[in-house]
Amino acid sequence: MNITRLTITSNNQIINNPTQKRLLNRETGATQNSIIHTQKPIIYQNQYITDTFSFTSQTNYVEKLITHIDKLLKNPHQLTEKEDYAIRGIIQSALDTIKQKENIIGAGFHETVYRLNDKYVAKLPPSKNAYQLKIFCPKGEILIPQNQYSDLTTYKGNILLQVGDFKILENLGSHTPAGLPRSVKPTDCHKYYVHEYLPKFAQVSQENYNALLEDCGRLNDRYYTSGSYHLFDSVNPNNIVLKDGKLYWVDVINTSQNNWNSMTDILDIMLDTYSVGRTVHYGYGESLIHAKTIFKKIIVAGMNADIPVCGTSYFTNEIWRELVKNLKIKVPAKDVVNNLQEIYKTDSRELRVEKTVEYIDSLFKQN
């Protein structure tokens with residue numbers, strides 16, 4: 001894919017910058033309409049000054065921002081200086097309202113997601129204020145990325161608009177994460193996991209699990225054309241969500257030279273962790289049958305999608321030991337993994353899935 005990034009020089013000449021082009025290809029792999037202004041914006045008494053807007057009310061900065069997002073997404077174009085400075089000024093002015101606690105939808109290691117309205121959410125580093133964000137600087141470009149993952153049927157993490165550190169994504173609306181919702185108290189984690197999460201995700205159809213793992217396979221296949229693996233972020237369980245009975249991936253897709261999407265990744269975030277860094281130590285309790293159902297659906301989906309059983313994670317053995325213990329499987333974890341890897345070598349997809357079902361059923365019958 002040819003990618004062009006435009007740089008405005010001091011004498012207003014437009015040049016192609018090969019170095020920036022390569023960096024953009026590595027970071028986003030997308031074609032974008034972008035413009036860099038070398039001139040700094042005018043800020044007076046902490047308030048951005050522009051003759052495009054008259055800022056008279058703190059309450060409608062977010063509404064103005066949403067209006068601009070709508071216009072830009074409907075008509076992507078290189079911005080005039082007035083348009084460029086205006087949207088940066090609106091973001092700066094709206095930031096305090098956006099970052100209020102009640103707007104938080106989810107948080108990860110590096111970014112927090114805030115609700116803008118029913119259509120959009122904003123994602124940005126959680127600890128930075130308007131003057132720390134890369135909005136008013138040459139690196140804080142306005143980008144409308146092309147969705148390079150349009151072939152994925154379960155991915156909802158595509159960035160619609162980016163202004164430096166400030167990213168706009170689709171608002172999924174009401175959904176249930178595979179991890180812990182923010183409303184769950186720390187003392188209620190295991191209770192929620194056993195009584196709410198496991199039964200609900202066990203009811204998801206095999207077809208929807210298949211679709212989730214098929215997208216993992218599509219990303220793995222990109223290695224043979226791009227030279228690096230594209231990976232779903234499988235560290236945070238909240239990166240898989242359930243909406244209207246279907247499973248979706250959210251958050252960014254990373255790249256790696258030596259790892260790939262695997263069944264173990266999905267098993268880990270759906271059956272071995274409550275949230276980032278918090279594992280399920282107390283088993284599945286009365287929802288053991290639901291946990292077994294999820295386990296079986298993930299493995300069958302992985303075999304159907306031709307996804308490797310294991311990746312290269314240092315924690316693979318530990319993950320499988322916890323899974324086998326919590327699922328009350330009497331066969332040693334290393335033997336379960338070895339047997340599944342042998343089944344994975346079966347060329348025929350139908351036969352591979354058939355053998356998988358038989359093997360998993362045999363494991364559970366021993367309980």
# chains A, B, ... in the order shown; residues from 1 in each chain; ligands from 1
$ closest_atom_pairs --of "segment 176-240 of chain A" --to "segment 144-165 of chain A" --cutoff "9 Å" --atoms "only C-alpha atoms" --output "tab-separated table"
residue	atom	partner	partner_atom	distance
A:Asn208	CA	A:Thr154	CA	9.0
A:Ala211	CA	A:Thr154	CA	6.9
A:Leu212	CA	A:Thr154	CA	6.0
A:Glu214	CA	A:Leu152	CA	8.5
A:Asp215	CA	A:Leu152	CA	5.6
A:Cys216	CA	A:Leu152	CA	8.9
A:Arg218	CA	A:Leu152	CA	7.4
A:Leu219	CA	A:Leu152	CA	8.5
$ write_last_selection --atoms "C-alpha atoms" --output "short mmCIF file (atom, residue, chain, number, x, y, z; two decimals), in the first residue's frame"
data_model
loop_
_atom_site.label_atom_id
_atom_site.label_comp_id
_atom_site.auth_asym_id
_atom_site.auth_seq_id
_atom_site.Cartn_x
_atom_site.Cartn_y
_atom_site.Cartn_z
CA ASN A 208 -19.61 -16.49 17.37
CA ALA A 211 -15.81 -15.79 14.17
CA LEU A 212 -13.62 -14.42 16.98
CA GLU A 214 -11.20 -16.72 12.55
CA ASP A 215 -10.12 -13.09 12.89
CA CYS A 216 -7.09 -14.29 14.86
CA ARG A 218 -6.67 -13.65 9.44
CA LEU A 219 -4.18 -11.62 11.43
#
$ atom_distance --atom1 "atom CA of Asp118 of chain A" --atom2 "atom CA of Asn75 of chain A"
20.6 Å
$ select_by_dssp --residues "segment 85-154 of chain A" --states "alpha helix (DSSP H)" --output "ChimeraX atom specification"
/A:85-98
$ write_last_selection --atoms "N, CA and C atoms" --output "PDB file, in the first residue's frame"
ATOM      1  N   TYR A  85      -6.537  24.652  13.454  1.00  0.00           N
ATOM      2  CA  TYR A  85      -6.410  25.253  14.776  1.00  0.00           C
ATOM      3  C   TYR A  85      -7.713  25.179  15.557  1.00  0.00           C
ATOM      4  N   ALA A  86      -8.833  25.282  14.866  1.00  0.00           N
ATOM      5  CA  ALA A  86     -10.126  25.277  15.544  1.00  0.00           C
ATOM      6  C   ALA A  86     -10.377  23.945  16.249  1.00  0.00           C
ATOM      7  N   ILE A  87     -10.161  22.835  15.540  1.00  0.00           N
ATOM      8  CA  ILE A  87     -10.457  21.546  16.157  1.00  0.00           C
ATOM      9  C   ILE A  87      -9.503  21.250  17.308  1.00  0.00           C
ATOM     10  N   ARG A  88      -8.246  21.690  17.196  1.00  0.00           N
ATOM     11  CA  ARG A  88      -7.315  21.510  18.308  1.00  0.00           C
ATOM     12  C   ARG A  88      -7.766  22.336  19.516  1.00  0.00           C
ATOM     13  N   GLY A  89      -8.221  23.562  19.256  1.00  0.00           N
ATOM     14  CA  GLY A  89      -8.692  24.415  20.335  1.00  0.00           C
ATOM     15  C   GLY A  89      -9.926  23.855  21.014  1.00  0.00           C
ATOM     16  N   ILE A  90     -10.821  23.274  20.237  1.00  0.00           N
ATOM     17  CA  ILE A  90     -12.038  22.685  20.807  1.00  0.00           C
ATOM     18  C   ILE A  90     -11.684  21.487  21.686  1.00  0.00           C
ATOM     19  N   ILE A  91     -10.755  20.651  21.225  1.00  0.00           N
ATOM     20  CA  ILE A  91     -10.329  19.503  22.033  1.00  0.00           C
ATOM     21  C   ILE A  91      -9.746  19.983  23.354  1.00  0.00           C
ATOM     22  N   GLN A  92      -8.875  20.983  23.271  1.00  0.00           N
ATOM     23  CA  GLN A  92      -8.267  21.507  24.492  1.00  0.00           C
ATOM     24  C   GLN A  92      -9.329  22.025  25.456  1.00  0.00           C
ATOM     25  N   SER A  93     -10.309  22.737  24.943  1.00  0.00           N
ATOM     26  CA  SER A  93     -11.339  23.333  25.785  1.00  0.00           C
ATOM     27  C   SER A  93     -12.317  22.301  26.330  1.00  0.00           C
ATOM     28  N   ALA A  94     -12.528  21.221  25.561  1.00  0.00           N
ATOM     29  CA  ALA A  94     -13.500  20.203  25.980  1.00  0.00           C
ATOM     30  C   ALA A  94     -12.900  19.144  26.891  1.00  0.00           C
ATOM     31  N   LEU A  95     -11.576  19.142  27.021  1.00  0.00           N
ATOM     32  CA  LEU A  95     -10.902  18.024  27.673  1.00  0.00           C
ATOM     33  C   LEU A  95     -11.333  17.825  29.124  1.00  0.00           C
ATOM     34  N   ASP A  96     -11.449  18.899  29.884  1.00  0.00           N
ATOM     35  CA  ASP A  96     -11.842  18.759  31.288  1.00  0.00           C
ATOM     36  C   ASP A  96     -13.222  18.124  31.425  1.00  0.00           C
ATOM     37  N   THR A  97     -14.131  18.488  30.527  1.00  0.00           N
ATOM     38  CA  THR A  97     -15.468  17.900  30.560  1.00  0.00           C
ATOM     39  C   THR A  97     -15.429  16.432  30.163  1.00  0.00           C
ATOM     40  N   ILE A  98     -14.665  16.115  29.113  1.00  0.00           N
ATOM     41  CA  ILE A  98     -14.569  14.740  28.635  1.00  0.00           C
ATOM     42  C   ILE A  98     -13.993  13.819  29.711  1.00  0.00           C
TER      43      ILE A  98
END
$ closest_residue --among "A:Leu271, A:Val276, A:Leu323, A:Ala291" --to "Val336 of chain A" --atoms "only C-alpha atoms"
A:Leu323
$ residues_around --residues "Ala301 of chain A" --least-positions-apart "2" --cutoff "12 Å" --atoms "only C-alpha atoms" --output "compact mmCIF listing (two decimals) with C-alpha atoms, in the first residue's frame"
# COMPACT_ATOMS: atom_id res chain seq x y z
CA SER A 205 -22.95 -19.64 20.17
CA GLN A 206 -20.16 -21.73 18.71
CA GLU A 207 -20.52 -19.68 15.51
CA ASN A 208 -19.61 -16.49 17.37
CA TYR A 209 -16.58 -18.09 19.00
CA ASN A 210 -15.60 -19.33 15.54
CA ALA A 211 -15.81 -15.79 14.17
CA LEU A 212 -13.62 -14.42 16.98
CA LEU A 213 -10.90 -17.01 16.34
CA GLU A 214 -11.20 -16.72 12.55
CA ASP A 215 -10.12 -13.09 12.89
CA CYS A 216 -7.09 -14.29 14.86
CA GLY A 217 -6.30 -16.53 11.89
CA SER A 262 -3.07 -18.56 19.71
CA MET A 263 -5.78 -20.50 21.52
CA ILE A 266 -7.97 -16.48 24.32
CA LEU A 267 -8.19 -19.12 27.05
CA ILE A 294 -16.34 -21.90 27.18
CA PHE A 295 -13.13 -23.95 27.14
CA LYS A 296 -14.56 -26.39 24.62
CA LYS A 297 -15.95 -23.65 22.36
CA ILE A 298 -12.62 -21.79 22.29
CA ILE A 299 -10.60 -24.92 21.45
CA MET A 303 -9.05 -25.78 15.51
CA ASN A 304 -11.70 -24.65 13.01
CA ALA A 305 -9.78 -21.43 12.33
CA ASP A 306 -6.39 -23.18 12.16
CA ILE A 307 -5.01 -21.21 15.12
CA PRO A 308 -1.96 -22.68 16.91
CA VAL A 309 -2.61 -24.09 20.37
CA TYR A 344 -3.87 -29.60 15.41
CA ARG A 349 -10.43 -29.21 9.16
CA GLU A 350 -13.58 -31.26 9.68
CA ARG A 352 -9.53 -31.93 13.20
CA VAL A 353 -12.66 -30.44 14.81
CA GLU A 354 -14.21 -33.90 15.21
CA THR A 356 -11.06 -32.12 19.21
CA VAL A 357 -14.65 -32.59 20.35
$ select_by_dssp --residues "segment 77-222 of chain A" --states "strand (DSSP E)" --output "list in words"
Ile104, Ile105, Gly106, Ala107, Thr112, Val113, Tyr114, Arg115, Tyr120, Val121, Ala122, Lys123, Leu124, Ile142, Leu143, Ile159, Leu160, Leu161, Gln162, Val163, Phe166, Lys167, Ile168, Leu169, Glu170, Thr176 and Pro177 of chain A
$ residues_around --residues "Ile66 of chain A" --least-positions-apart "3" --cutoff "9 Å" --atoms "only C-alpha atoms" --output "MDAnalysis selection string"
chainID A and resid 61:63 69:71 116:117 120
$ write_last_selection --atoms "C-alpha atoms" --output "PDB file, in the first residue's frame"
ATOM      1  CA  TYR A  61     -17.358  22.397  23.719  1.00  0.00           C
ATOM      2  CA  VAL A  62     -18.048  18.661  23.494  1.00  0.00           C
ATOM      3  CA  GLU A  63     -21.021  19.317  21.194  1.00  0.00           C
ATOM      4  CA  ILE A  69     -15.895  14.954  13.982  1.00  0.00           C
ATOM      5  CA  ASP A  70     -19.074  14.325  11.981  1.00  0.00           C
ATOM      6  CA  LYS A  71     -18.017  16.811   9.301  1.00  0.00           C
ATOM      7  CA  LEU A 116     -18.470  11.463  24.086  1.00  0.00           C
ATOM      8  CA  ASN A 117     -21.974  10.541  22.960  1.00  0.00           C
ATOM      9  CA  TYR A 120     -18.195   8.192  19.646  1.00  0.00           C
TER      10      TYR A 120
END
$ atom_distance --atom1 "atom CA of Asn261 of chain A" --atom2 "atom CA of Leu231 of chain A"
5.9 Å
